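Data block for work_18.pdb (PDB, C-alpha atoms):
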```pdb
ATOM      1  CA  MET A1494     -25.522 -11.011 -70.231
ATOM      2  CA  SER A1495     -22.689 -13.228 -71.435
ATOM      3  CA  ARG A1496     -23.150 -15.895 -74.084
ATOM      4  CA  LEU A1497     -22.916 -18.711 -71.522
ATOM      5  CA  ASP A1498     -25.352 -16.983 -69.175
ATOM      6  CA  GLU A1499     -27.822 -16.685 -72.036
ATOM      7  CA  ALA A1500     -27.256 -20.349 -72.922
ATOM      8  CA  ARG A1501     -27.953 -21.331 -69.315
ATOM      9  CA  LYS A1502     -31.202 -19.352 -69.375
ATOM     10  CA  VAL A1503     -32.278 -20.918 -72.683
ATOM     11  CA  ALA A1504     -31.446 -24.412 -71.387
ATOM     12  CA  GLN A1505     -33.555 -23.816 -68.273
ATOM     13  CA  GLU A1506     -36.487 -22.543 -70.346
ATOM     14  CA  LEU A1507     -36.148 -25.465 -72.731
ATOM     15  CA  LEU A1508     -36.156 -28.036 -69.938
ATOM     16  CA  GLU A1509     -39.194 -26.387 -68.387
ATOM     17  CA  SER A1510     -41.019 -26.444 -71.728
ATOM     18  CA  LEU A1511     -40.197 -30.110 -72.271
ATOM     19  CA  GLU A1512     -41.178 -31.137 -68.758
ATOM     20  CA  THR A1513     -44.249 -29.052 -67.980
ATOM     21  CA  SER A1514     -45.803 -27.576 -71.118
ATOM     22  CA  ARG A1515     -47.442 -28.850 -74.291
ATOM     23  CA  ALA A1516     -45.572 -26.504 -76.600
ATOM     24  CA  PRO A1517     -45.507 -27.511 -80.290
ATOM     25  CA  ILE A1518     -42.438 -29.470 -81.274
ATOM     26  CA  GLU A1519     -41.494 -26.766 -83.813
ATOM     27  CA  ALA A1520     -41.121 -24.265 -80.963
ATOM     28  CA  ILE A1521     -39.107 -26.776 -78.938
ATOM     29  CA  LEU A1522     -36.798 -27.423 -81.880
ATOM     30  CA  MET A1523     -36.270 -23.721 -82.519
ATOM     31  CA  LYS A1524     -35.300 -23.143 -78.900
ATOM     32  CA  THR A1525     -32.979 -26.156 -78.942
ATOM     33  CA  LYS A1526     -31.330 -24.842 -82.116
ATOM     34  CA  ARG A1527     -30.853 -21.504 -80.400
ATOM     35  CA  LEU A1528     -29.152 -23.278 -77.507
ATOM     36  CA  ALA A1529     -26.846 -25.104 -79.927
ATOM     37  CA  ARG A1530     -26.006 -21.813 -81.633
ATOM     38  CA  LEU A1531     -25.148 -20.154 -78.316
ATOM     39  CA  MET A1532     -22.913 -23.108 -77.431
ATOM     40  CA  ARG A1533     -21.383 -22.987 -80.932
ATOM     41  CA  ASP A1534     -22.190 -26.673 -81.242
ATOM     42  CA  THR A1535     -22.082 -27.370 -84.986
ATOM     43  CA  ASP A1536     -22.831 -31.084 -84.525
ATOM     44  CA  ALA A1537     -26.029 -30.247 -82.667
ATOM     45  CA  GLN A1538     -27.027 -27.711 -85.299
ATOM     46  CA  THR A1539     -26.681 -30.394 -87.996
ATOM     47  CA  TRP A1540     -28.658 -32.921 -85.951
ATOM     48  CA  LEU A1541     -31.440 -30.488 -85.051
ATOM     49  CA  ASP A1542     -31.740 -29.281 -88.632
ATOM     50  CA  LEU A1543     -32.337 -32.880 -89.739
ATOM     51  CA  GLU A1544     -34.855 -33.411 -86.943
ATOM     52  CA  THR A1545     -36.688 -30.316 -88.177
ATOM     53  CA  ARG A1546     -36.613 -31.005 -91.935
ATOM     54  CA  GLY A1547     -36.402 -34.780 -92.001
ATOM     55  CA  TYR A1548     -33.574 -37.106 -92.951
ATOM     56  CA  PRO A1549     -32.474 -37.561 -96.592
ATOM     57  CA  ASP A1550     -32.353 -40.866 -98.463
ATOM     58  CA  SER A1551     -28.557 -40.867 -98.433
ATOM     59  CA  PHE A1552     -27.453 -40.239 -94.881
ATOM     60  CA  ASN A1553     -24.386 -41.256 -92.891
ATOM     61  CA  PRO A1554     -24.939 -41.281 -89.109
ATOM     62  CA  GLU A1555     -21.359 -40.073 -88.659
ATOM     63  CA  GLN A1556     -22.534 -36.695 -89.964
ATOM     64  CA  LEU A1557     -24.091 -36.124 -86.549
ATOM     65  CA  GLY A1558     -20.704 -36.188 -84.841
ATOM     66  CA  SER A1559     -21.012 -35.963 -81.064
ATOM     67  CA  CYS A1560     -24.831 -35.912 -81.340
ATOM     68  CA  LYS A1561     -25.003 -39.363 -82.889
ATOM     69  CA  LYS A1562     -25.449 -40.752 -79.373
ATOM     70  CA  TYR A1563     -28.751 -38.879 -78.977
ATOM     71  CA  ALA A1564     -30.124 -40.241 -82.255
ATOM     72  CA  LEU A1565     -29.080 -43.782 -81.331
ATOM     73  CA  ALA A1566     -30.481 -43.620 -77.804
ATOM     74  CA  ALA A1567     -33.796 -42.226 -79.055
ATOM     75  CA  GLY A1568     -34.216 -44.898 -81.724
ATOM     76  CA  ARG A1569     -33.961 -42.513 -84.668
ATOM     77  CA  ILE A1570     -31.089 -44.701 -85.876
ATOM     78  CA  THR A1571     -31.382 -48.440 -85.302
ATOM     79  CA  SER A1572     -28.564 -50.766 -84.332
ATOM     80  CA  ASP A1573     -28.342 -52.114 -87.892
ATOM     81  CA  GLY A1574     -27.794 -48.642 -89.350
ATOM     82  CA  LYS A1575     -31.345 -47.987 -90.551
ATOM     83  CA  TYR A1576     -33.150 -44.791 -89.635
ATOM     84  CA  TYR A1577     -36.524 -43.051 -89.726
ATOM     85  CA  PHE A1578     -36.854 -40.359 -92.394
ATOM     86  CA  ILE A1579     -39.800 -38.405 -90.977
ATOM     87  CA  SER A1580     -39.119 -35.109 -89.213
ATOM     88  CA  LEU A1581     -40.238 -34.492 -85.645
ATOM     89  CA  PRO A1582     -42.967 -32.009 -86.699
ATOM     90  CA  LYS A1583     -44.377 -34.649 -89.097
ATOM     91  CA  PHE A1584     -44.302 -37.237 -86.319
ATOM     92  CA  GLU A1585     -46.311 -34.865 -84.150
ATOM     93  CA  ALA A1586     -48.797 -34.090 -86.945
ATOM     94  CA  GLN A1587     -49.161 -37.767 -87.775
ATOM     95  CA  GLY A1588     -49.868 -38.545 -84.132
ATOM     96  CA  LYS A1589     -52.650 -35.969 -84.008
ATOM     97  CA  SER A1590     -54.095 -37.327 -87.257
ATOM     98  CA  ASP A1591     -54.012 -40.906 -85.968
ATOM     99  CA  GLU A1592     -55.677 -39.836 -82.739
ATOM    100  CA  ALA A1593     -58.470 -38.074 -84.630
ATOM    101  CA  LEU A1594     -59.009 -41.127 -86.849
ATOM    102  CA  ILE A1595     -59.211 -43.438 -83.840
ATOM    103  CA  ASP A1596     -61.782 -41.151 -82.236
ATOM    104  CA  ALA A1597     -63.793 -41.194 -85.460
ATOM    105  CA  LEU A1598     -63.674 -44.982 -85.677
ATOM    106  CA  ARG A1599     -64.608 -45.306 -82.032
ATOM    107  CA  SER A1600     -67.597 -42.971 -82.351
ATOM    108  CA  SER A1601     -68.960 -44.622 -85.494
ATOM    109  CA  ARG A1602     -71.525 -47.351 -84.777
ATOM    110  CA  PRO A1603     -72.952 -49.767 -87.338
ATOM    111  CA  ILE A1604     -76.693 -49.514 -87.949
ATOM    112  CA  ALA A1605     -78.429 -52.392 -86.241
ATOM    113  CA  THR A1606     -80.611 -53.933 -88.940
ATOM    114  CA  LYS A1607     -81.829 -57.432 -89.462
ATOM    115  CA  ALA A1608     -80.091 -59.185 -92.333
ATOM    116  CA  LYS A1609     -82.451 -60.275 -95.103
ATOM    117  CA  ASP A1610     -80.531 -63.392 -96.016
ATOM    118  CA  PHE A1611     -77.348 -65.318 -95.362
ATOM    119  CA  LEU A1612     -75.274 -63.456 -97.951
ATOM    120  CA  GLU A1613     -76.181 -60.079 -96.514
ATOM    121  CA  LYS A1614     -75.378 -61.310 -93.016
ATOM    122  CA  SER A1615     -71.962 -62.582 -94.113
ATOM    123  CA  ALA A1616     -71.174 -59.302 -95.859
ATOM    124  CA  THR A1617     -72.175 -57.320 -92.773
ATOM    125  CA  GLU A1618     -70.034 -59.449 -90.492
ATOM    126  CA  ALA A1619     -67.094 -59.130 -92.880
ATOM    127  CA  LEU A1620     -67.490 -55.347 -92.901
ATOM    128  CA  LEU A1621     -67.641 -55.181 -89.114
ATOM    129  CA  GLU A1622     -64.577 -57.395 -88.807
ATOM    130  CA  SER A1623     -62.721 -55.226 -91.300
ATOM    131  CA  GLN A1624     -63.621 -52.089 -89.363
ATOM    132  CA  LEU A1625     -62.522 -53.706 -86.106
ATOM    133  CA  ASN A1626     -59.208 -54.809 -87.607
ATOM    134  CA  GLN A1627     -58.681 -51.335 -89.012
ATOM    135  CA  GLN A1628     -59.338 -49.813 -85.615
ATOM    136  CA  VAL A1629     -56.953 -52.234 -83.887
ATOM    137  CA  GLN A1630     -54.228 -51.567 -86.458
ATOM    138  CA  GLN A1631     -54.777 -47.830 -86.214
ATOM    139  CA  LYS A1632     -54.414 -47.989 -82.447
ATOM    140  CA  LYS A1633     -51.206 -49.988 -82.792
ATOM    141  CA  ASN A1634     -49.773 -47.494 -85.283
ATOM    142  CA  TYR A1635     -50.737 -44.640 -83.000
ATOM    143  CA  VAL A1636     -49.106 -46.234 -79.952
ATOM    144  CA  ASP A1637     -45.907 -47.080 -81.867
ATOM    145  CA  ASN A1638     -45.621 -43.603 -83.384
ATOM    146  CA  GLN A1639     -46.308 -41.885 -80.074
ATOM    147  CA  ALA A1640     -43.676 -44.012 -78.350
ATOM    148  CA  LEU A1641     -41.086 -43.111 -80.988
ATOM    149  CA  PHE A1642     -42.111 -39.453 -80.918
ATOM    150  CA  ALA A1643     -41.735 -39.359 -77.133
ATOM    151  CA  SER A1644     -38.337 -41.032 -77.402
ATOM    152  CA  LEU A1645     -37.142 -38.558 -80.038
ATOM    153  CA  LYS A1646     -38.446 -35.702 -77.926
ATOM    154  CA  SER A1647     -36.572 -37.063 -74.915
ATOM    155  CA  ALA A1648     -33.359 -36.803 -76.955
ATOM    156  CA  LEU A1649     -33.872 -33.032 -77.004
ATOM    157  CA  HIS A1650     -34.344 -33.142 -73.237
ATOM    158  CA  ASN A1651     -31.133 -35.138 -72.816
ATOM    159  CA  TYR A1652     -29.211 -32.657 -74.948
ATOM    160  CA  ALA A1653     -30.556 -29.668 -73.003
ATOM    161  CA  THR A1654     -29.734 -31.412 -69.715
ATOM    162  CA  ASP A1655     -26.183 -32.194 -70.818
ATOM    163  CA  ILE A1656     -25.610 -28.601 -71.892
ATOM    164  CA  TYR A1657     -27.053 -27.203 -68.672
ATOM    165  CA  LEU A1658     -24.892 -29.498 -66.530
ATOM    166  CA  SER A1659     -21.777 -28.683 -68.555
ATOM    167  CA  ILE A1660     -22.365 -24.961 -68.004
ATOM    168  CA  GLU A1661     -22.907 -25.521 -64.283
ATOM    169  CA  LEU A1662     -19.770 -27.664 -64.106
ATOM    170  CA  GLY A1663     -17.882 -24.931 -65.924
ATOM    171  CA  ASP A1664     -19.019 -22.455 -63.275
ATOM    172  CA  VAL A1665     -17.732 -24.748 -60.529
ATOM    173  CA  ALA A1666     -14.386 -25.157 -62.289
ATOM    174  CA  GLU A1667     -14.204 -21.412 -62.898
ATOM    175  CA  GLU A1668     -14.888 -20.721 -59.229
ATOM    176  CA  ILE A1669     -12.182 -23.164 -58.149
ATOM    177  CA  PHE A1670      -9.717 -21.704 -60.634
ATOM    178  CA  GLU A1671     -10.662 -18.190 -59.559
ATOM    179  CA  GLN A1672      -9.718 -19.059 -55.989
ATOM    180  CA  ALA A1673      -6.382 -20.419 -57.207
ATOM    181  CA  ARG A1674      -5.892 -17.286 -59.301
ATOM    182  CA  GLY A1675      -6.399 -15.117 -56.236
ATOM    183  CA  ASP A1676      -3.743 -17.079 -54.343
ATOM    184  CA  VAL A1677      -1.307 -16.875 -57.264
ATOM    185  CA  ASP A1678      -1.861 -13.146 -57.792
ATOM    186  CA  SER A1679      -1.234 -12.442 -54.123
ATOM    187  CA  PHE A1680       1.846 -14.675 -54.098
ATOM    188  CA  VAL A1681       3.316 -13.075 -57.234
ATOM    189  CA  ARG A1682       2.689  -9.569 -55.931
ATOM    190  CA  ILE A1683       4.463 -10.305 -52.646
ATOM    191  CA  HIS A1684       7.299 -12.634 -53.655
ATOM    192  CA  CYS A1685       8.169 -12.136 -57.339
ATOM    193  CA  SER A1686       6.581  -9.222 -59.154
ATOM    194  CA  LYS A1687       8.609 -10.027 -62.282
ATOM    195  CA  ALA A1688       6.500 -13.154 -62.711
ATOM    196  CA  ALA A1689       3.415 -10.986 -63.312
ATOM    197  CA  GLU A1690       4.887  -9.686 -66.570
ATOM    198  CA  GLN A1691       5.716 -13.226 -67.628
ATOM    199  CA  LEU A1692       2.154 -14.380 -66.945
ATOM    200  CA  VAL A1693       0.858 -11.590 -69.173
ATOM    201  CA  ALA A1694       3.343 -12.557 -71.902
ATOM    202  CA  ILE A1695       2.235 -16.200 -71.743
ATOM    203  CA  ASN A1696      -1.389 -15.197 -72.165
ATOM    204  CA  GLU A1697      -0.549 -12.979 -75.142
ATOM    205  CA  ARG A1698       1.374 -15.796 -76.825
ATOM    206  CA  LEU A1699      -1.563 -18.164 -76.468
ATOM    207  CA  HIS A1700      -3.976 -15.656 -77.991
ATOM    208  CA  GLU A1701      -1.781 -15.271 -81.069
ATOM    209  CA  ASP A1702      -2.723 -18.871 -81.938
ATOM    210  CA  LEU A1703       0.401 -19.586 -84.004
ATOM    211  CA  PRO A1704       2.614 -22.705 -83.672
ATOM    212  CA  GLU A1705       5.701 -20.645 -82.862
ATOM    213  CA  SER A1706       3.706 -18.555 -80.382
ATOM    214  CA  ARG A1707       2.528 -21.679 -78.574
ATOM    215  CA  ALA A1708       6.124 -22.907 -78.292
ATOM    216  CA  ALA A1709       7.101 -19.462 -77.012
ATOM    217  CA  ALA A1710       4.312 -19.653 -74.419
ATOM    218  CA  LEU A1711       5.705 -22.909 -73.035
ATOM    219  CA  THR A1712       9.217 -21.467 -73.028
ATOM    220  CA  SER A1713       7.837 -18.517 -71.072
ATOM    221  CA  CYS A1714       6.284 -20.969 -68.608
ATOM    222  CA  ARG A1715       9.743 -22.372 -68.003
ATOM    223  CA  ARG A1716      11.158 -18.888 -67.451
ATOM    224  CA  LEU A1717       8.283 -18.180 -65.088
ATOM    225  CA  LEU A1718       9.146 -21.200 -62.947
ATOM    226  CA  MET A1719      12.795 -20.117 -62.949
ATOM    227  CA  THR A1720      11.767 -16.655 -61.758
ATOM    228  CA  VAL A1721       9.728 -18.163 -58.934
ATOM    229  CA  ALA A1722      12.586 -20.502 -58.019
ATOM    230  CA  ASP A1723      15.034 -17.563 -57.979
ATOM    231  CA  SER A1724      12.774 -15.782 -55.529
ATOM    232  CA  LEU A1725      12.076 -18.705 -53.207
ATOM    233  CA  PHE A1726      15.322 -20.664 -53.359
ATOM    234  CA  PRO A1727      18.110 -18.681 -55.072
ATOM    235  CA  PRO A1728      20.810 -20.618 -56.979
ATOM    236  CA  GLN A1729      23.516 -22.081 -54.770
ATOM    237  CA  ASP A1730      26.823 -23.768 -55.469
ATOM    238  CA  GLN A1731      26.352 -26.341 -52.742
ATOM    239  CA  PRO A1732      24.007 -29.247 -53.588
ATOM    240  CA  TRP A1733      20.832 -29.914 -51.670
ATOM    241  CA  THR A1734      20.152 -33.236 -49.955
ATOM    242  CA  ASP A1735      16.493 -34.095 -49.597
ATOM    243  CA  SER A1736      14.892 -36.083 -46.788
ATOM    244  CA  ASN A1737      15.556 -39.326 -48.684
ATOM    245  CA  ARG A1738      19.280 -38.481 -48.663
ATOM    246  CA  LYS A1739      19.212 -37.837 -52.394
ATOM    247  CA  THR A1740      21.622 -35.118 -53.476
ATOM    248  CA  ARG A1741      20.290 -32.536 -55.932
ATOM    249  CA  LYS A1742      22.102 -29.724 -57.703
ATOM    250  CA  VAL A1743      20.536 -26.335 -57.076
ATOM    251  CA  GLY A1744      22.386 -24.113 -59.552
ATOM    252  CA  SER A1745      20.795 -21.472 -61.756
ATOM    253  CA  GLU A1746      19.524 -23.941 -64.369
ATOM    254  CA  GLU A1747      18.240 -26.483 -61.836
ATOM    255  CA  TYR A1748      15.017 -24.590 -61.205
ATOM    256  CA  LYS A1749      13.109 -27.826 -60.697
ATOM    257  CA  ASN A1750      15.397 -28.968 -57.876
ATOM    258  CA  ARG A1751      15.288 -25.542 -56.275
ATOM    259  CA  LEU A1752      11.498 -25.569 -56.284
ATOM    260  CA  LEU A1753      11.525 -29.049 -54.757
ATOM    261  CA  ALA A1754      13.971 -27.888 -52.111
ATOM    262  CA  TYR A1755      11.631 -25.040 -51.216
ATOM    263  CA  VAL A1756       8.612 -27.340 -51.159
ATOM    264  CA  GLU A1757      10.345 -29.830 -48.884
ATOM    265  CA  GLN A1758      11.077 -27.057 -46.425
ATOM    266  CA  LYS A1759       7.328 -26.469 -46.216
ATOM    267  CA  ILE A1760       6.021 -30.047 -46.168
ATOM    268  CA  SER A1761       6.474 -32.601 -43.428
ATOM    269  CA  SER A1762       4.464 -35.386 -45.098
ATOM    270  CA  ASP A1763       6.437 -37.723 -47.362
ATOM    271  CA  SER A1764       3.338 -38.648 -49.362
ATOM    272  CA  SER A1765       2.464 -35.006 -50.053
ATOM    273  CA  PHE A1766       6.026 -34.293 -51.098
ATOM    274  CA  SER A1767       6.034 -37.311 -53.443
ATOM    275  CA  ILE A1768       2.900 -36.034 -55.154
ATOM    276  CA  ILE A1769       4.454 -32.618 -55.768
ATOM    277  CA  VAL A1770       7.683 -34.244 -56.975
ATOM    278  CA  SER A1771       5.684 -36.200 -59.548
ATOM    279  CA  GLU A1772       3.798 -33.066 -60.564
ATOM    280  CA  ILE A1773       6.864 -30.880 -61.096
ATOM    281  CA  GLU A1774       8.763 -33.709 -62.818
ATOM    282  CA  HIS A1775       5.990 -34.094 -65.379
ATOM    283  CA  LEU A1776       5.591 -30.357 -65.927
ATOM    284  CA  ALA A1777       9.323 -29.654 -66.153
ATOM    285  CA  ALA A1778       9.873 -32.531 -68.592
ATOM    286  CA  ARG A1779       7.286 -31.066 -70.958
ATOM    287  CA  LEU A1780       8.614 -27.511 -70.709
ATOM    288  CA  ASP A1781      12.277 -28.540 -70.953
ATOM    289  CA  ALA A1782      11.624 -30.631 -74.075
ATOM    290  CA  VAL A1783      10.157 -27.624 -75.882
ATOM    291  CA  TYR A1784      12.917 -25.353 -74.563
ATOM    292  CA  LYS A1785      15.675 -27.637 -75.884
ATOM    293  CA  LYS A1786      14.096 -27.740 -79.333
ATOM    294  CA  VAL A1787      13.785 -23.965 -79.433
ATOM    295  CA  CYS A1788      17.408 -23.540 -78.346
ATOM    296  CA  LYS A1789      18.563 -25.856 -81.142
ATOM    297  CA  GLY A1790      16.478 -23.981 -83.694
ATOM    298  CA  VAL A1791      14.275 -27.024 -84.211
ATOM    299  CA  HIS A1792      10.575 -26.429 -84.820
ATOM    300  CA  ALA A1793       8.634 -27.409 -81.715
ATOM    301  CA  ASP A1794       5.280 -28.800 -82.796
ATOM    302  CA  VAL A1795       2.962 -27.807 -79.955
ATOM    303  CA  SER A1796      -0.790 -28.193 -80.423
ATOM    304  CA  LYS A1797      -3.258 -25.644 -79.116
ATOM    305  CA  GLU A1798      -4.623 -28.149 -76.583
ATOM    306  CA  GLU A1799      -1.158 -29.149 -75.375
ATOM    307  CA  ALA A1800      -0.115 -25.525 -74.928
ATOM    308  CA  ARG A1801      -3.290 -24.658 -73.057
ATOM    309  CA  LEU A1802      -2.948 -27.642 -70.715
ATOM    310  CA  ALA A1803       0.712 -26.863 -70.035
ATOM    311  CA  VAL A1804      -0.123 -23.261 -69.138
ATOM    312  CA  ILE A1805      -2.988 -24.369 -66.883
ATOM    313  CA  HIS A1806      -0.716 -26.955 -65.260
ATOM    314  CA  THR A1807       1.916 -24.273 -64.664
ATOM    315  CA  TYR A1808      -0.639 -21.939 -63.143
ATOM    316  CA  LEU A1809      -2.050 -24.623 -60.863
ATOM    317  CA  PHE A1810       1.447 -25.563 -59.744
ATOM    318  CA  LEU A1811       2.019 -21.920 -58.850
ATOM    319  CA  GLY A1812      -1.208 -22.132 -56.872
ATOM    320  CA  GLU A1813       0.285 -25.020 -54.899
ATOM    321  CA  ILE A1814       3.466 -23.028 -54.293
ATOM    322  CA  ALA A1815       1.382 -20.017 -53.232
ATOM    323  CA  ARG A1816      -0.488 -22.173 -50.727
ATOM    324  CA  LEU A1817       2.739 -23.575 -49.303
ATOM    325  CA  SER A1818       4.285 -20.117 -49.031
ATOM    326  CA  LYS A1819       1.848 -19.372 -46.211
ATOM    327  CA  LYS A1820       3.157 -22.296 -44.147
ATOM    328  CA  PRO A1821       6.122 -22.166 -41.772
ATOM    329  CA  LYS A1822       9.232 -24.182 -42.584
ATOM    330  CA  SER A1823       9.093 -27.849 -41.623
ATOM    331  CA  GLY A1824      12.852 -28.331 -41.589
ATOM    332  CA  GLY A1825      12.961 -30.964 -44.349
ATOM    333  CA  GLY A1826      16.171 -31.523 -46.311
ATOM    334  CA  GLU A1827      19.558 -29.969 -45.779
ATOM    335  CA  GLN A1828      22.261 -28.187 -47.686
ATOM    336  CA  GLN A1829      25.578 -29.963 -47.999
ATOM    337  CA  THR A1830      28.702 -28.276 -46.793
ATOM    338  CA  VAL A1831      32.214 -28.907 -47.975
TER     339      VAL A1831
END
```
Would you kindly transcribe this structure into structure tokens?
Amino acid sequence: MSRLDEARKVAQELLESLETSRAPIEAILMKTKRLARLMRDTDAQTWLDLETRGYPDSFNPEQLGSCKKYALAAGRITSDGKYYFISLPKFEAQGKSDEALIDALRSSRPIATKAKDFLEKSATEALLESQLNQQVQQKKNYVDNQALFASLKSALHNYATDIYLSIELGDVAEEIFEQARGDVDSFVRIHCSKAAEQLVAINERLHEDLPESRAAALTSCRRLLMTVADSLFPPQDQPWTDSNRKTRKVGSEEYKNRLLAYVEQKISSDSSFSIIVSEIEHLAARLDAVYKKVCKGVHADVSKEEARLAVIHTYLFLGEIARLSKKPKSGGGEQQTV
């Protein structure tokens, strides 16, 4: 079982425990901490540890990171920055203690005796009033504490729900990407087998997790698109005129224009073509900028997130090309003759 599959199972069990059982809050917290560990969620681990042990005198809500929202929504932290110190297990124990005390006060009955004089009568009435006030206050404390306890407990439910939905969403995205991967693999195998080696090289560069490796990965993405363009629309000396009568060079370095020329041959809809033009323009601009820096010997500062998104964008664009490769030519655009 993979880590995410185990996390999904734990999230399901946790939600079931919170919704249908009367499991002790310690057990709920332990299972929630296990879920956070499986998700490698350090913010949640910090938050849950405080919920288990209690909050210190000196505490900054920003320490909770992404889990601050759960503490705020539950009322653990008030809008003016104050917060409750008591841990969730103590809240639960206090609630049980308050409930037992209320039951004791409710079951106790004053002995009905006739007062001997006025002073004794006044003292008895004062005692009864004091007991009644104590019972009313105890009930109020119990209700307030139980409401806060339920709210804090619901924060655990919200966290488990968010994690479960994120895993499910990840499965959907993975399934969609897997379908695109199948199309790309088939396309590469049939049309440009050289691109397969470049895809492997890109993946290896990303896994090295070094700044220069990330720049190399994006440069490889550019080479990959050139390889695909060479296969689908080889370099030509004569320019290409698109359906809008715009002339585009389609030489060896103009891989972007050659890809657009191929796409236009497959698409009859102007709106669809405009979308793909925008997509390839954005992708090529990013890849070309890194390529120019590398060629000049200038350090290309590419973050891990930027590199990953660029690679994903490249792969998805190949998926679009793979889909179009199955269509017959639409006859869009023309090659100029001289």
Take atom CA of Arg1501 of chain A and atom CA of Glu1544 of chain A and report the distance between them in Å, one decimal.
->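 Here the two named atoms are 22.5 Å from each other.
Rounded to one decimal, atom CA of Pro1732 of chain A and atom CA of Gly1744 of chain A lie 8.0 Å from each other.
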For Asp1542 of chain A, please output as a list of chain:residue names all residues within 12 Å (counting only C-alpha atoms; exclusion window: fewer than 2 positions along the same chain).
-> A:Glu1519, A:Leu1522, A:Met1523, A:Thr1525, A:Lys1526, A:Arg1527, A:Ala1529, A:Arg1530, A:Thr1535, A:Asp1536, A:Ala1537, A:Gln1538, A:Thr1539, A:Trp1540, A:Glu1544, A:Thr1545, A:Arg1546, A:Gly1547, A:Tyr1548, A:Pro1549, A:Gln1556, A:Leu1557, A:Ser1580, A:Leu1581, A:Pro1582
Write out as a ChimeraX atom specification each polymer residue whose atoms come within 9 Å of Asn1638 of chain A, counting all atoms listed in the file; drop sequence neighbours fewer than 6 positions from it.
-> /A:1584-1585,1587-1588
In Å, with one decimal, what is the gap from atom CA of Thr1807 of chain A to atom CA of Asp1498 of chain A?
->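 These two atoms are separated by 28.6 Å.
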Taking a cut-off of 8 Å and counting only C-alpha atoms, can you build a table that, for each residue of segment 1711-1797 of chain A near segment 1662-1686 of chain A, reports the nearest atom pair and how far apart they are in Å (one decimal), sorted by chain then residue number, as a Markdown table?
```
| residue | atom | partner | partner_atom | distance |
| --- | --- | --- | --- | --- |
| A:Thr1720 | CA | A:Cys1685 | CA | 7.3 |
| A:Val1721 | CA | A:Cys1685 | CA | 6.4 |
| A:Ser1724 | CA | A:Cys1685 | CA | 6.1 |
| A:Leu1725 | CA | A:His1684 | CA | 7.7 |
```
In terms of all atoms listed in the file, the residue from A:Ala1653, A:Ala1754, A:Leu1718, A:Met1494 at minimal distance from Trp1733 of chain A is A:Ala1754
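If you count all atoms listed in the file and draw a sphere of 12 Å around (7.5, -26.7, -44.6), the protein and nucleic acid residues inside it come out as Leu1753, Ala1754, Tyr1755, Val1756, Glu1757, Gln1758, Lys1759, Ile1760, Ser1761, Ser1762, Asp1763, Ser1765, Phe1766, Ile1814, Arg1816, Leu1817, Ser1818, Lys1819, Lys1820, Pro1821, Lys1822, Ser1823, Gly1824, Gly1825 and Gly1826 of chain A.
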Of the residues A:Gln1731, A:Ser1796, A:Thr1740, A:Asn1696, which is the one nearest to Tyr1808 of chain A, using all atoms listed in the file?
-> A:Asn1696
Distance criterion (only C-alpha atoms): nearest to Pro1727 of chain A out of A:Leu1752, A:Leu1703, A:Leu1658, A:Ala1689 | A:Leu1752
Per-axis box centre and lengths in Å around segment 1572-1580 of chain A, 4 Å margin per side, axis-aligned, as lines of an AutoDock Vina configuration file:
```
center_x = -33.8
center_y = -43.6
center_z = -88.4
size_x = 20.0
size_y = 25.0
size_z = 16.1
```
